[in-house]
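run-v9.tsv (TSV, C-alpha atoms) appears below.
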```tsv
chain	number	residue	atom	x	y	z
A	381	MET	CA	13.55	24.60	-2.06
A	382	SER	CA	11.53	26.06	-4.94
A	383	GLU	CA	7.94	24.99	-5.50
A	384	PRO	CA	7.55	22.09	-7.94
A	385	GLU	CA	6.87	23.18	-11.51
A	386	HIS	CA	4.78	20.07	-12.24
A	387	THR	CA	1.32	19.19	-10.99
A	388	PRO	CA	1.18	15.59	-9.72
A	389	ALA	CA	-1.68	13.32	-10.82
A	390	ILE	CA	-4.76	13.31	-8.59
A	391	HIS	CA	-3.84	10.13	-6.68
A	392	ASP	CA	-0.14	10.99	-6.30
A	393	ILE	CA	-0.49	12.82	-2.99
A	394	GLY	CA	2.71	12.08	-1.03
A	395	GLY	CA	3.78	15.23	0.84
A	396	ILE	CA	1.46	17.63	-0.96
A	397	GLN	CA	0.35	20.83	0.76
A	398	ARG	CA	-3.39	20.15	0.53
A	399	PHE	CA	-3.49	17.70	3.46
A	400	HIS	CA	-0.54	19.05	5.39
A	401	CYS	CA	-2.59	20.24	8.39
A	402	THR	CA	-5.28	17.54	8.36
A	403	PRO	CA	-5.10	15.25	11.40
A	404	VAL	CA	-5.16	11.50	10.73
A	405	GLU	CA	-8.36	10.24	12.35
A	406	HIS	CA	-7.77	6.98	14.18
A	407	ASP	CA	-10.74	5.20	12.62
A	408	GLU	CA	-10.52	1.44	13.21
A	409	GLU	CA	-14.00	0.39	12.01
A	410	PRO	CA	-13.97	-2.45	9.48
A	411	PRO	CA	-15.50	-1.69	6.07
A	412	ASP	CA	-19.31	-1.79	5.85
A	413	GLU	CA	-21.09	-4.54	3.87
A	414	PHE	CA	-20.91	-2.43	0.69
A	415	GLY	CA	-17.14	-2.11	1.04
A	416	LYS	CA	-16.65	-5.80	1.80
A	417	ARG	CA	-18.76	-6.78	-1.20
A	418	VAL	CA	-16.83	-4.48	-3.57
A	419	ASP	CA	-13.59	-5.87	-2.14
A	420	ALA	CA	-14.76	-9.46	-2.69
A	421	LEU	CA	-15.93	-8.61	-6.22
A	422	ARG	CA	-12.56	-7.10	-7.10
A	423	GLN	CA	-10.66	-10.12	-5.82
A	424	THR	CA	-13.00	-12.59	-7.51
A	425	LEU	CA	-12.71	-10.82	-10.86
A	426	ALA	CA	-8.92	-10.66	-10.49
A	427	ARG	CA	-8.67	-14.34	-9.59
A	428	LYS	CA	-10.74	-15.29	-12.64
A	429	GLY	CA	-8.59	-13.19	-14.97
A	430	PHE	CA	-11.13	-10.46	-15.76
A	431	MET	CA	-8.95	-7.61	-14.45
A	432	SER	CA	-5.64	-6.87	-12.71
A	433	VAL	CA	-4.97	-4.68	-9.69
A	434	ASP	CA	-3.01	-2.38	-12.02
A	435	GLU	CA	-6.10	-1.93	-14.19
A	436	LEU	CA	-8.16	-1.21	-11.05
A	437	ARG	CA	-5.74	1.56	-10.12
A	438	ARG	CA	-5.68	3.01	-13.63
A	439	GLY	CA	-9.50	3.13	-13.54
A	440	ILE	CA	-9.49	4.87	-10.15
A	441	GLU	CA	-6.91	7.38	-11.36
A	442	SER	CA	-9.10	8.26	-14.35
A	443	ILE	CA	-12.00	9.46	-12.15
A	444	PRO	CA	-12.43	13.26	-12.61
A	445	GLU	CA	-11.16	15.29	-9.65
A	446	ALA	CA	-14.53	16.52	-8.38
A	447	GLU	CA	-15.89	12.97	-8.16
A	448	TYR	CA	-12.60	11.50	-6.96
A	449	PHE	CA	-12.74	13.45	-3.72
A	450	ALA	CA	-16.54	13.18	-3.32
A	451	LEU	CA	-16.73	9.39	-3.61
A	452	THR	CA	-15.86	7.05	-0.75
A	453	TYR	CA	-12.92	4.67	-1.09
A	454	TYR	CA	-14.96	1.65	-2.16
A	455	GLU	CA	-17.20	3.78	-4.38
A	456	ARG	CA	-14.05	4.68	-6.33
A	457	TRP	CA	-13.23	0.98	-6.60
A	458	MET	CA	-16.72	0.17	-7.82
A	459	ARG	CA	-16.58	2.97	-10.39
A	460	SER	CA	-13.30	1.59	-11.70
A	461	ILE	CA	-14.51	-2.03	-11.82
A	462	ALA	CA	-17.65	-1.01	-13.76
A	463	LEU	CA	-15.53	1.04	-16.17
A	464	LEU	CA	-13.17	-1.88	-16.80
A	465	MET	CA	-15.96	-4.43	-17.27
A	466	LEU	CA	-17.61	-2.13	-19.84
A	467	GLU	CA	-14.31	-1.39	-21.56
A	468	LYS	CA	-13.61	-5.12	-21.96
A	469	GLY	CA	-17.16	-5.92	-23.03
A	470	VAL	CA	-17.66	-8.27	-20.06
A	471	VAL	CA	-20.90	-6.42	-19.35
A	472	LYS	CA	-22.90	-4.14	-21.69
A	473	PRO	CA	-24.01	-0.55	-21.06
A	474	GLU	CA	-27.66	-1.68	-20.97
A	475	ASP	CA	-26.82	-4.05	-18.07
A	476	LEU	CA	-25.94	-1.08	-15.88
A	477	ALA	CA	-28.61	1.36	-17.02
B	27	MET	CA	-13.09	8.78	6.99
B	28	SER	CA	-15.67	6.03	6.89
B	29	ALA	CA	-18.69	7.74	5.36
B	30	PRO	CA	-21.41	5.19	4.54
B	31	ALA	CA	-21.96	4.33	0.90
B	32	ARG	CA	-24.83	6.21	-0.70
B	33	THR	CA	-28.08	4.52	-1.73
B	34	GLU	CA	-27.38	4.98	-5.43
B	35	SER	CA	-24.00	3.31	-5.02
B	36	LEU	CA	-25.61	0.29	-3.38
B	37	ALA	CA	-27.99	0.01	-6.34
B	38	GLU	CA	-25.16	0.50	-8.85
B	39	LEU	CA	-23.17	-2.30	-7.24
B	40	GLU	CA	-26.10	-4.71	-7.29
B	41	ARG	CA	-26.75	-3.97	-10.99
B	42	LEU	CA	-23.12	-4.72	-11.78
B	43	VAL	CA	-23.08	-7.93	-9.72
B	44	ALA	CA	-26.40	-9.07	-11.21
B	45	ALA	CA	-25.07	-8.51	-14.75
B	46	LEU	CA	-21.86	-10.42	-14.05
B	47	ILE	CA	-23.89	-13.32	-12.60
B	48	ALA	CA	-26.50	-13.28	-15.40
B	49	ARG	CA	-23.73	-13.45	-17.99
B	50	GLY	CA	-22.21	-16.41	-16.19
B	51	HIS	CA	-18.92	-14.76	-15.18
B	52	ILE	CA	-19.20	-15.08	-11.39
B	53	THR	CA	-21.52	-16.58	-8.76
B	54	GLU	CA	-22.82	-15.37	-5.40
B	55	ALA	CA	-21.07	-18.37	-3.83
B	56	GLU	CA	-17.70	-17.20	-5.17
B	57	LEU	CA	-18.25	-13.73	-3.72
B	58	ALA	CA	-19.23	-15.21	-0.35
B	59	THR	CA	-16.16	-17.48	-0.27
B	60	GLN	CA	-13.89	-14.57	-1.18
B	61	GLN	CA	-15.39	-12.29	1.46
B	62	ALA	CA	-15.11	-14.99	4.13
B	63	SER	CA	-11.44	-15.44	3.26
B	64	THR	CA	-10.63	-11.73	3.64
B	65	ASP	CA	-12.74	-11.59	6.84
B	66	ARG	CA	-10.54	-14.34	8.32
B	67	ALA	CA	-7.28	-12.42	7.80
B	68	SER	CA	-6.44	-10.11	10.70
B	69	PRO	CA	-3.58	-8.36	12.49
B	70	GLU	CA	-3.47	-11.40	14.79
B	71	ASN	CA	-1.59	-13.19	12.00
B	72	GLY	CA	1.11	-10.52	11.99
B	73	ALA	CA	1.20	-10.46	15.79
B	74	ARG	CA	1.79	-14.22	15.88
B	75	MET	CA	4.62	-13.94	13.35
B	76	VAL	CA	6.32	-11.11	15.27
B	77	ALA	CA	5.97	-12.79	18.69
B	78	ARG	CA	7.56	-15.93	17.28
B	79	ALA	CA	10.40	-13.88	15.78
B	80	TRP	CA	11.08	-12.36	19.22
B	81	LEU	CA	11.40	-15.86	20.70
B	82	ASN	CA	13.00	-17.89	17.93
B	83	PRO	CA	16.08	-16.66	16.00
B	84	GLU	CA	15.64	-19.25	13.24
B	85	TRP	CA	12.05	-18.16	12.67
B	86	ARG	CA	13.19	-14.54	12.70
B	87	ALA	CA	15.80	-15.20	10.00
B	88	MET	CA	13.29	-17.12	7.90
B	89	MET	CA	10.70	-14.35	8.20
B	90	LEU	CA	13.18	-11.59	7.29
B	91	ASN	CA	14.24	-13.63	4.29
B	92	SER	CA	10.66	-14.25	3.15
B	93	GLY	CA	7.61	-12.84	4.91
B	94	THR	CA	5.55	-14.89	2.47
B	95	LYS	CA	7.03	-18.17	3.78
B	96	ALA	CA	6.50	-17.10	7.40
B	97	ALA	CA	2.86	-16.21	6.69
B	98	GLU	CA	2.33	-19.58	5.01
B	99	ALA	CA	3.94	-21.31	8.00
B	100	ILE	CA	1.22	-19.94	10.30
B	101	GLY	CA	-1.50	-21.04	7.88
B	102	VAL	CA	-2.15	-17.95	5.73
B	103	ASN	CA	-2.98	-18.76	2.11
B	104	MET	CA	-0.53	-16.62	0.10
B	105	VAL	CA	-1.31	-18.15	-3.31
B	106	GLY	CA	-1.91	-15.28	-5.72
B	107	ALA	CA	-1.09	-12.68	-3.04
B	108	PRO	CA	1.74	-10.17	-3.54
B	109	PRO	CA	5.02	-11.12	-1.80
B	110	LEU	CA	5.27	-10.01	1.83
B	111	GLY	CA	8.44	-8.22	2.93
B	112	VAL	CA	9.31	-7.73	6.61
B	113	LEU	CA	11.18	-4.60	7.76
B	114	GLU	CA	13.45	-5.20	10.74
B	115	ASP	CA	13.58	-2.50	13.42
B	116	THR	CA	16.82	-2.19	15.40
B	117	PRO	CA	17.69	-0.08	18.47
B	118	GLY	CA	18.75	2.70	16.07
B	119	ARG	CA	16.17	2.35	13.29
B	120	HIS	CA	12.38	2.27	13.05
B	121	HIS	CA	10.14	1.76	9.99
B	122	ILE	CA	6.71	3.14	9.15
B	123	VAL	CA	4.72	1.98	6.11
B	124	VAL	CA	2.49	4.03	3.81
B	125	CYS	CA	1.21	3.82	0.24
B	126	THR	CA	1.10	7.37	-1.11
B	127	LEU	CA	-0.25	6.33	-4.54
B	128	CYS	CA	-3.17	4.15	-3.44
B	129	SER	CA	-3.52	1.88	-0.42
B	130	CYS	CA	-1.19	-1.12	-0.85
B	131	TYR	CA	-1.42	-3.15	2.35
B	132	PRO	CA	-0.68	-6.81	3.20
B	133	ARG	CA	-4.37	-7.78	3.02
B	134	ALA	CA	-3.77	-11.50	2.69
B	135	VAL	CA	-2.07	-11.48	6.11
B	136	LEU	CA	-3.58	-8.54	8.02
B	137	GLY	CA	-7.05	-8.27	6.43
B	138	TYR	CA	-8.80	-5.08	5.33
B	139	PRO	CA	-6.68	-1.95	5.70
B	140	PRO	CA	-8.14	0.45	8.30
B	141	HIS	CA	-9.73	3.70	7.12
B	142	TRP	CA	-6.89	5.81	8.44
B	143	TYR	CA	-4.33	3.95	6.32
B	144	LYS	CA	-6.35	4.79	3.18
B	145	SER	CA	-7.04	8.39	4.22
B	146	PHE	CA	-5.69	11.27	2.15
B	147	SER	CA	-4.13	12.81	5.27
B	148	TYR	CA	-2.15	9.69	6.28
B	149	ARG	CA	-1.01	8.99	2.71
B	150	SER	CA	0.01	12.57	2.18
B	151	ARG	CA	1.57	13.44	5.53
B	152	VAL	CA	3.59	10.37	6.48
B	153	VAL	CA	6.31	10.84	3.86
B	154	ARG	CA	6.72	14.48	4.82
B	155	GLU	CA	6.18	14.63	8.60
B	156	PRO	CA	6.14	11.05	9.88
B	157	ARG	CA	7.31	12.02	13.36
B	158	ALA	CA	4.42	14.46	13.75
B	159	VAL	CA	1.90	11.76	12.81
B	160	MET	CA	3.44	9.29	15.28
B	161	ALA	CA	3.54	11.93	18.02
B	162	GLU	CA	-0.10	12.90	17.44
B	163	TRP	CA	-1.02	9.28	18.08
B	164	GLY	CA	0.99	9.19	21.29
B	165	HIS	CA	4.15	7.54	19.96
B	166	PRO	CA	6.91	10.16	19.75
B	167	LEU	CA	10.07	8.64	18.31
B	168	PRO	CA	13.34	9.50	20.10
B	169	ASP	CA	15.55	11.92	18.12
B	170	ASN	CA	18.46	9.48	18.04
B	171	VAL	CA	16.44	6.78	16.26
B	172	GLU	CA	16.48	6.88	12.45
B	173	LEU	CA	13.02	6.75	10.92
B	174	ARG	CA	12.61	5.03	7.57
B	175	VAL	CA	9.36	5.80	5.80
B	176	VAL	CA	8.55	2.92	3.45
B	177	ASP	CA	6.35	4.03	0.54
B	178	SER	CA	4.74	0.84	-0.77
B	179	THR	CA	4.63	1.65	-4.47
B	180	ALA	CA	4.97	-1.62	-6.34
B	181	ASP	CA	4.82	-5.41	-6.08
B	182	PHE	CA	5.73	-6.05	-2.45
B	183	ARG	CA	3.57	-5.54	0.63
B	184	TRP	CA	5.35	-4.54	3.84
B	185	MET	CA	5.05	-5.29	7.55
B	186	VAL	CA	7.24	-4.06	10.43
B	187	LEU	CA	9.09	-6.35	12.83
B	188	PRO	CA	9.37	-4.01	15.85
B	189	MET	CA	11.80	-4.15	18.77
B	190	ARG	CA	10.74	-6.38	21.66
B	191	PRO	CA	9.92	-4.11	24.61
B	192	ALA	CA	12.03	-4.32	27.76
B	193	GLY	CA	10.27	-5.99	30.68
B	194	THR	CA	8.90	-8.91	28.66
B	195	GLU	CA	11.60	-11.41	29.61
B	196	GLY	CA	10.16	-14.89	30.09
B	197	TRP	CA	6.84	-14.04	28.42
B	198	THR	CA	5.06	-16.66	26.30
B	199	GLU	CA	4.30	-16.28	22.60
B	200	ASP	CA	0.64	-15.53	23.42
B	201	GLN	CA	1.56	-12.84	25.95
B	202	LEU	CA	3.94	-11.19	23.46
B	203	ALA	CA	1.46	-11.42	20.60
B	204	ALA	CA	-1.09	-9.49	22.67
B	205	LEU	CA	1.26	-6.45	22.62
B	206	ILE	CA	1.34	-6.29	18.82
B	207	THR	CA	-1.48	-4.27	17.30
B	208	ARG	CA	-2.21	-3.37	13.72
B	209	ASP	CA	-0.76	0.11	14.35
B	210	VAL	CA	2.49	-1.54	15.49
B	211	LEU	CA	2.64	-3.75	12.38
B	212	VAL	CA	2.28	-0.66	10.15
B	213	GLY	CA	4.86	1.16	12.30
B	214	VAL	CA	2.76	4.16	13.32
B	215	ALA	CA	2.92	2.89	16.92
B	216	LEU	CA	5.53	1.15	19.06
B	217	PRO	CA	4.69	-1.89	21.24
B	218	LYS	CA	3.83	-0.81	24.77
B	219	LEU	CA	3.42	-2.79	27.98
B	220	PRO	CA	-0.05	-2.55	29.55
B	221	ALA	CA	-0.10	0.23	32.17
C	764	MET	CA	17.32	-10.96	-15.61
C	765	THR	CA	20.54	-9.20	-14.57
C	766	PRO	CA	20.09	-6.10	-12.43
C	767	ARG	CA	21.91	-3.05	-13.79
C	768	PHE	CA	22.55	-1.60	-10.31
C	769	ALA	CA	24.12	-3.40	-7.34
C	770	PRO	CA	23.21	-2.61	-3.72
C	771	GLY	CA	24.98	0.57	-2.58
C	772	THR	CA	25.01	2.15	-6.06
C	773	PRO	CA	24.02	5.85	-6.19
C	774	VAL	CA	21.13	6.35	-8.59
C	775	LEU	CA	19.05	9.19	-9.96
C	776	VAL	CA	15.28	8.93	-10.50
C	777	LYS	CA	14.37	10.18	-13.96
C	778	ASN	CA	12.81	13.64	-13.97
C	779	ASP	CA	10.07	12.47	-16.31
C	780	TRP	CA	6.36	13.41	-16.19
C	781	PRO	CA	4.48	11.00	-18.46
C	782	GLU	CA	1.17	12.04	-16.84
C	783	GLU	CA	1.58	15.39	-18.65
C	784	ARG	CA	1.70	13.59	-22.02
C	785	GLY	CA	-1.53	11.58	-21.80
C	786	PRO	CA	-3.23	8.64	-20.09
C	787	CYS	CA	-0.75	6.48	-18.19
C	788	HIS	CA	-0.27	4.55	-14.97
C	789	ILE	CA	3.04	4.91	-13.17
C	790	ARG	CA	4.32	3.80	-9.77
C	791	THR	CA	7.08	6.35	-9.25
C	792	PRO	CA	5.76	9.04	-6.85
C	793	HIS	CA	6.04	12.67	-7.98
C	794	TYR	CA	8.21	13.67	-5.02
C	795	LEU	CA	11.08	11.41	-6.16
C	796	ARG	CA	11.37	12.58	-9.78
C	797	GLY	CA	14.83	13.95	-10.39
C	798	ARG	CA	16.02	12.95	-6.89
C	799	SER	CA	19.20	11.08	-5.94
C	800	GLY	CA	19.16	7.95	-3.83
C	801	ARG	CA	21.07	4.75	-3.25
C	802	VAL	CA	20.11	1.17	-4.08
C	803	GLU	CA	19.34	-0.69	-0.85
C	804	ARG	CA	18.54	-4.06	-2.39
C	805	VAL	CA	17.28	-5.79	-5.49
C	806	LEU	CA	13.72	-7.01	-4.87
C	807	GLY	CA	13.29	-9.16	-7.98
C	808	ALA	CA	11.74	-8.73	-11.41
C	809	PHE	CA	8.04	-8.07	-12.02
C	810	PRO	CA	5.86	-7.39	-15.08
C	811	ASN	CA	5.84	-3.67	-15.87
C	812	PRO	CA	2.72	-2.18	-14.19
C	813	GLU	CA	2.65	0.63	-16.78
C	814	ASP	CA	1.63	-2.02	-19.35
C	815	LEU	CA	-0.41	-4.25	-17.01
C	816	ALA	CA	-2.67	-1.28	-16.25
C	817	PHE	CA	-3.77	-1.22	-19.89
C	818	ALA	CA	-3.83	-5.03	-20.32
C	819	ARG	CA	-0.87	-4.80	-22.71
C	820	PRO	CA	1.84	-7.52	-22.84
C	821	ALA	CA	4.14	-6.62	-19.92
C	822	GLU	CA	7.85	-7.39	-19.88
C	823	LYS	CA	9.46	-8.08	-16.55
C	824	ARG	CA	11.53	-5.23	-15.13
C	825	VAL	CA	13.95	-5.30	-12.20
C	826	LEU	CA	12.52	-3.74	-9.04
C	827	TYR	CA	14.78	-2.08	-6.45
C	828	HIS	CA	14.40	-0.78	-2.94
C	829	VAL	CA	15.98	2.67	-3.11
C	830	VAL	CA	16.78	4.80	-0.06
C	831	PHE	CA	16.62	8.63	-0.09
C	832	ASP	CA	17.59	11.26	2.50
C	833	GLN	CA	14.23	12.55	3.71
C	834	PRO	CA	15.12	16.23	4.38
C	835	ALA	CA	16.63	16.56	0.89
C	836	ILE	CA	13.13	15.97	-0.44
C	837	PHE	CA	10.99	17.54	2.29
C	838	THR	CA	12.80	20.41	3.91
C	839	ASP	CA	10.81	19.99	7.13
C	840	GLY	CA	12.34	16.50	7.50
C	841	VAL	CA	14.83	15.37	10.15
C	842	PRO	CA	18.48	14.68	9.13
C	843	THR	CA	18.45	11.14	10.58
C	844	ASP	CA	15.46	10.07	8.51
C	845	HIS	CA	15.05	8.33	5.15
C	846	LEU	CA	12.51	7.26	2.58
C	847	LEU	CA	12.65	3.68	1.28
C	848	VAL	CA	10.74	3.17	-1.96
C	849	GLU	CA	10.25	0.44	-4.59
C	850	ILE	CA	11.34	1.76	-7.99
C	851	PHE	CA	11.58	-0.03	-11.34
C	852	GLU	CA	14.89	-0.04	-13.22
C	853	HIS	CA	13.58	1.91	-16.22
C	854	TRP	CA	13.01	4.88	-13.89
C	855	LEU	CA	16.63	4.89	-12.65
C	856	GLU	CA	19.86	6.29	-14.07
C	857	ALA	CA	23.42	6.02	-12.78
C	858	ALA	CA	24.06	9.06	-10.56
```
Would you encode the structure as structure tokens?
Amino acid sequence: MSEPEHTPAIHDIGGIQRFHCTPVEHDEEPPDEFGKRVDALRQTLARKGFMSVDELRRGIESIPEAEYFALTYYERWMRSIALLMLEKGVVKPEDLA
Amino acid sequence: MSAPARTESLAELERLVAALIARGHITEAELATQQASTDRASPENGARMVARAWLNPEWRAMMLNSGTKAAEAIGVNMVGAPPLGVLEDTPGRHHIVVCTLCSCYPRAVLGYPPHWYKSFSYRSRVVREPRAVMAEWGHPLPDNVELRVVDSTADFRWMVLPMRPAGTEGWTEDQLAALITRDVLVGVALPKLPA
Amino acid sequence: MTPRFAPGTPVLVKNDWPEERGPCHIRTPHYLRGRSGRVERVLGAFPNPEDLAFARPAEKRVLYHVVFDQPAIFTDGVPTDHLLVEIFEHWLEAA
């Protein structure tokens, strides 16, 4: 099969070569308190109609590649939530400065 | 991998939460209630549902028809959660679940997804070489069994109903449930009797 | 909402790359674009995530479970194996 002529988006990683030889580490630890708090914040904001899971994903997918791979999972979530809350005017830039 | 969050991220999160509270959008109590609810969900819910399906054909049919209803029947609050679908293994077919685009996982039922499920290597490799990933974890799949890789891309969340292992005849629901781990419910492992 | 494709129908995933045209959010993985599969079942109808992601009004679209031969997509795959993926109707064409 010929190599694909398109470059998938940063998050669209099914089957790509980059991770082909990386073992899957069997890490069973629950998230740390930071992760649990981001998770709870996301669900609370969704439940109260401030954002949808689809918006969360769109925000994550918009993180530039260098940061995307440097941030932890829940750091990417937090970055997306902050972006969305600013975009919608729910919080102001000076709140987060 | 589960690298700890950096100090600046902790501060960034607290600034965001403080602003949302100060502007009256959320409260600390709401966050605590939400976190407690996710903390309560665990693979034990899925294990209970599967063990019951192994013992009770009517329950099995109900669960295959609607995983959401089965989860509610064991006391999981599914209001607002995505629908749960259950994938039925047979002697000739096994399922393994992944989300290549993000990390879709039946959180309402099974709790927080483990780090490996969210890892770039699992998400990337399982659609391409699922048998290698299973074998690396000590669960080689026989060649004559079809493997169906379920990429969870949209509105459903998926859980596997595995085959009941031989040698468990006469076991109680609790004994059977103890065989069913999170790895089994995702499909990366097969239920095994204790050595 | 009437599904266009019945279970068992051969379908083709559109070979479309909206991510090359600008900001978007899509739920059809890159490795299925332009690939042939078969409808396994109709899963229901859900608001279009491509609009939800931008907080736009989102029409419901029919969602299918579509099955694909795995080695046709990844040549290192095994002939017995398949991929089973949720795909929205607007990404599918009759094969």
Report the closest atom pair, with its distance in Å rounded to one decimal, for each residue of chain B that has an atom no farther than 9 Å from chain A; count all atoms listed in the file, sort by chain and then rising residue number, and write it as a tab-separated table.
```
residue	atom	partner	partner_atom	distance
B:Met27	CA	A:Asp407	CA	7.1
B:Ser28	CA	A:Asp407	CA	7.6
B:Ala29	CA	A:Thr452	CA	6.8
B:Pro30	CA	A:Asp412	CA	7.4
B:Ala31	CA	A:Phe414	CA	6.8
B:Arg32	CA	A:Glu455	CA	8.8
B:Ser35	CA	A:Glu455	CA	6.8
B:Leu36	CA	A:Phe414	CA	6.8
B:Glu38	CA	A:Leu476	CA	7.2
B:Leu39	CA	A:Met458	CA	6.9
B:Arg41	CA	A:Leu476	CA	5.7
B:Leu42	CA	A:Leu476	CA	6.2
B:Val43	CA	A:Leu421	CA	8.0
B:Ala44	CA	A:Asp475	CA	8.5
B:Ala45	CA	A:Asp475	CA	5.8
B:Leu46	CA	A:Val471	CA	6.7
B:Arg49	CA	A:Val471	CA	7.7
B:His51	CA	A:Val470	CA	8.2
B:Ile52	CA	A:Thr424	CA	7.7
B:Glu56	CA	A:Thr424	CA	7.0
B:Leu57	CA	A:Ala420	CA	5.6
B:Ala58	CA	A:Ala420	CA	7.6
B:Thr59	CA	A:Ala420	CA	8.5
B:Gln60	CA	A:Ala420	CA	5.4
B:Gln61	CA	A:Ala420	CA	5.1
B:Ala62	CA	A:Ala420	CA	8.8
B:Thr64	CA	A:Ala420	CA	7.9
B:Asp65	CA	A:Lys416	CA	8.6
B:Gly106	CA	A:Arg427	CA	7.8
B:Cys125	CA	A:Gly394	CA	8.5
B:Thr126	CA	A:Gly394	CA	5.0
B:Leu127	CA	A:Asp392	CA	5.0
B:Cys128	CA	A:His391	CA	6.8
B:Tyr138	CA	A:Pro410	CA	7.1
B:Pro139	CA	A:Pro410	CA	8.2
B:Pro140	CA	A:Glu408	CA	5.5
B:His141	CA	A:Asp407	CA	5.8
B:Trp142	CA	A:Asp407	CA	5.7
B:Tyr143	CA	A:Val404	CA	8.8
B:Lys144	CA	A:Tyr453	CA	7.8
B:Ser145	CA	A:Val404	CA	7.5
B:Phe146	CA	A:Phe399	CA	6.9
B:Ser147	CA	A:Phe399	CA	5.3
B:Tyr148	CA	A:Val404	CA	5.7
B:Arg149	CA	A:Gly394	CA	6.1
B:Ser150	CA	A:Gly394	CA	4.2
B:Arg151	CA	A:Gly395	CA	5.5
B:Val152	CA	A:Gly395	CA	7.4
B:Val153	CA	A:Gly395	CA	5.9
B:Arg154	CA	A:Gly395	CA	5.0
B:Glu155	CA	A:Gly395	CA	8.1
B:Val159	CA	A:Val404	CA	7.4
B:Glu162	CA	A:Pro403	CA	8.2
B:Trp163	CA	A:His406	CA	8.1
B:Asp177	CA	A:Gly394	CA	9.0
```
Here atom CA of B:Leu110 and atom CA of C:Val841 stand apart by 28.4 Å
For chain A, which residues have at least one atom within 6 Å of chain C, if we go by all atoms listed in the file? Write them as a VMD selection string, please.
-> chain A and resid 388 434 to 435 438
Neighbours of stretch 822-824 of chain C within 7 Å (all atoms listed in the file; same-chain residues fewer than 4 positions away dropped), as a PyMOL selection string?
-> chain C and resi 808-811+851-852
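Using all atoms listed in the file, the part of chain C that sits within 6 Å of chain B is made up of Arg790, Phe837, Thr843, Asp844, His845, Leu846, Leu847, Val848 and Glu849 of chain C.
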B:Val186: which residues within 7 Å, counting all atoms listed in the file, same-chain residues fewer than 4 positions away excluded, as a ChimeraX atom specification?
-> /B:112-114,121,211-213
Neighbours of B:Val214 within 7 Å (only C-alpha atoms; same-chain residues fewer than 4 positions away dropped), as a ChimeraX atom specification?
-> /B:122,160,209-210
